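Notes to accompany the following structure.
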Amino acid sequence: MKAAVFQGKEKIVIQERSVPELRDDEVLIRVAACGVCGTDVHIYRGEKGSAQVNPPVVLGHEFAGTVAAVGKAVKAWKIGDKVAVDPNIYCGKCEMCHSGKKNLCESLSAVGVTRDGGFAEYCAVPEAQCYRLNDDIELVQGAMAEPLSCCLHGMEMAEVRPGDHVCIIGGGAIGLIMLQLARLAGAATVSVSEPVEMRRNVAVKLGADYVFDPLEEAPGEACRQKLGRGADVVIECAGVKAAVKQVFEIAGKGARIVFFSVPAPDAKMELPLFELYQKEWRICGSFINPDTFAAAVNLINHHKVSFGQIITHTFGVRELEQAILMQAGRDSLKVVVEYEKSALK
């Protein structure tokens with residue numbers, strides 16, 4: 001099989017490898033599609049991932065495919081079943097796991113981060129990480145279950161309520177998923193702050209009530225002109241310093257603020273402490289996807305979230321480095337590696 005192997009900072013090598021051998025509790029998946037995540041971009045640049053990366057390793061943690069073989073102890077899956085994979089594996093033994101915070105597991109491992117993942121033609125994963133996709137679901141859509149599940153955790157942290165005014169900072173793929181989830185949660189309005197016109201246009205098509213260009217309008221003022229007050233919920237999805245400043249300009253009294261993006265490891269921010277005190281803001285981060293993957297698959301299986309306008313570029317596995325660079329740029333929303341591409345021939 002073809003595999004794109006991460007060898008270290010800014011180095012990926014296409015190798016011919018043997019199809020993985022299965023343990024008794026594992027499922028062999030023929031990968032159909034694997035999304036390129038911001039975490040993949042960070043790892044490619046030599047920065048931290050969600051867990052420690054030790055090259056050589058096959059990256060790719062947002063993937064779906066069909067069952068190609070099953071281990072001796074696997075009973076629930078058969079060859080040909082469509083499957084999405086939750087990459088995050090928790091130890092179940094540490095203090096964080098025992099206290100209901102397993103996404104903060106002290107021994108977290110992840111398919112496509114600490115063990116070989118979806119940027120290969122085949123991938124072996126524990127049966128417990130497999131979730132069933134309906135027969136009518138396109139596998140490229142199924143590959144979006146992982147980012148959707150992470151967004152669902154972010155929405156849990158934001159506690160969006162019916163009638164809330166929600167503002168999303170950043171109109172990339174994650175921001176556009178958050179937009180749809182906020183609408184499903186009953187938000188009265190959803191605003192998107194995004195400097196790239198193409199992304200603003202897609203946000204409008206996906207149901208944004210207001211969009212604005214933060215390079216042309218003062219974000220806080222623009223938000224208050226449209227809403228009459230500050231936002232109840234602000235979700236930061238951009239990962240740049242200017243976006244952090246916007247958050248505090250837009251947040252209204254009593255706002256819930258979620259920093260969702262994956263920032264540079266050395267990124268710092270300044271807090272307006274008196275406003276934090278006076279406006280009683282609640283600020284939190286959001287890390288991966290504890291117990292939200294099943295809900296993500298349910299939403300995909302029932303066509304409640306749209307990815308057709310979010311997936312903007314597809315590549316073959318031989319083109320993974322180009323795919324990563326495209327994902328890091330401003331001309332894309334979501335980049336996906338598809339295995340029917342000629343690169344596998």
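Residues are referred to by chain and number: the chain letter is A, B, ... according to the order shown in the structure tokens, the number counts from 1 in that chain, and ligands are numbered separately from 1 in the order shown.
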
Please identify all polymer residues within 8 Å of A:Glu236, counting only C-alpha atoms, omitting same-chain residues fewer than 6 positions from it, and present them as a PyMOL selection string. chain A and resi 168-170+243-244+247+257-261

Skip A:Gly65 itself and residues of its chain fewer than 6 positions away, then list as a list in words all residues within 6 Å of it, counting only C-alpha atoms.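 The residues satisfying every condition are Ile29, Arg30, Val31, Ala32, Lys82 and Val83 of chain A.
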
Quick check, in Å to one decimal: how far apart do atom CA of A:Leu227 and atom CA of A:Ala255 lie?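 These atoms are spaced 13.9 Å apart.
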
Select, from A:Ala110, A:Ala143, A:Met198, A:Ile235, the residue with the minimum atom-to-atom distance to A:Gln129, counting only C-alpha atoms.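 With only C-alpha atoms as the atom set, the closest residue is A:Ala110.
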
Name all residues at most 9 Å from stretch 175-189 of chain A (count only C-alpha atoms; drop same-chain ones fewer than 6 positions away) and give them as a PyMOL selection string. chain A and resi 147-148+151-152+154-155+160-169+199+202-203+206-210+227+235-238+304-307+310

Which of these residues is nearest to A:Phe287, using only C-alpha atoms: A:Ala323, A:Val36, A:Cys150, A:Val317?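 Under the stated criterion, the closest residue is A:Cys150.
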
From the options A:Gly8, A:Gly329, A:Pro126, A:Pro87, which residue's atoms come nearest to A:Asn103, counting only C-alpha atoms?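 Nearest to A:Asn103: A:Pro87.
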
What are the closest atom pairs, with distances in Å to one decimal, for each residue of stretch 4-40 of chain A lying within 8 Å of stretch 72-78 of chain A, using only C-alpha atoms, rows by chain and rising residue number, as CSV?
```
residue,atom,partner,partner_atom,distance
A:Arg23,CA,A:Lys72,CA,7.9
A:Asp24,CA,A:Lys72,CA,4.7
A:Asp25,CA,A:Ala73,CA,5.4
A:Glu26,CA,A:Val74,CA,7.1
A:Val27,CA,A:Val74,CA,7.5
```

Would you kindly return, as a PyMOL selection string, each protein, DNA or RNA residue with an atom no farther than 8 Å from any atom of A:Leu22, considering only C-alpha atoms and excluding same-chain residues fewer than 5 positions away? chain A and resi 27-28+70-71+124

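If you measure from each of A:Val41, A:Val19, A:Cys284, A:Val57 to A:Gln7 using only C-alpha atoms, the closest one turns out to be A:Val57.
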
Polymer residues at most 9 Å from A:Arg115, only C-alpha atoms, same-chain spacing of 4 or more positions, as an mmCIF file with C-alpha atoms, in the first residue's frame:
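Here's the written file selection-v7.cif:
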```cif
data_model
loop_
_atom_site.group_PDB
_atom_site.id
_atom_site.type_symbol
_atom_site.label_atom_id
_atom_site.label_comp_id
_atom_site.auth_asym_id
_atom_site.auth_seq_id
_atom_site.Cartn_x
_atom_site.Cartn_y
_atom_site.Cartn_z
ATOM 1 C CA VAL A 53 4.616 12.950 17.817
ATOM 2 C CA ASN A 54 7.581 10.642 17.284
ATOM 3 C CA VAL A 57 4.622 8.109 11.592
ATOM 4 C CA VAL A 58 1.717 8.271 9.164
ATOM 5 C CA LEU A 59 -0.340 11.330 10.056
ATOM 6 C CA SER A 109 -2.702 8.526 22.225
ATOM 7 C CA ALA A 110 -4.224 9.174 18.834
ATOM 8 C CA VAL A 111 -4.500 7.473 15.474
#
```

Per DSSP on the backbone, what are the alpha helix (DSSP H) residues of stretch 200-230 of chain A, as a ChimeraX atom specification? /A:200-205,219-227

Which value, in Å to one decimal, gives the distance between atom CA of A:Phe274 and atom CA of A:Val233?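 Straight-line distance from atom CA of A:Phe274 to atom CA of A:Val233 works out to 19.0 Å.
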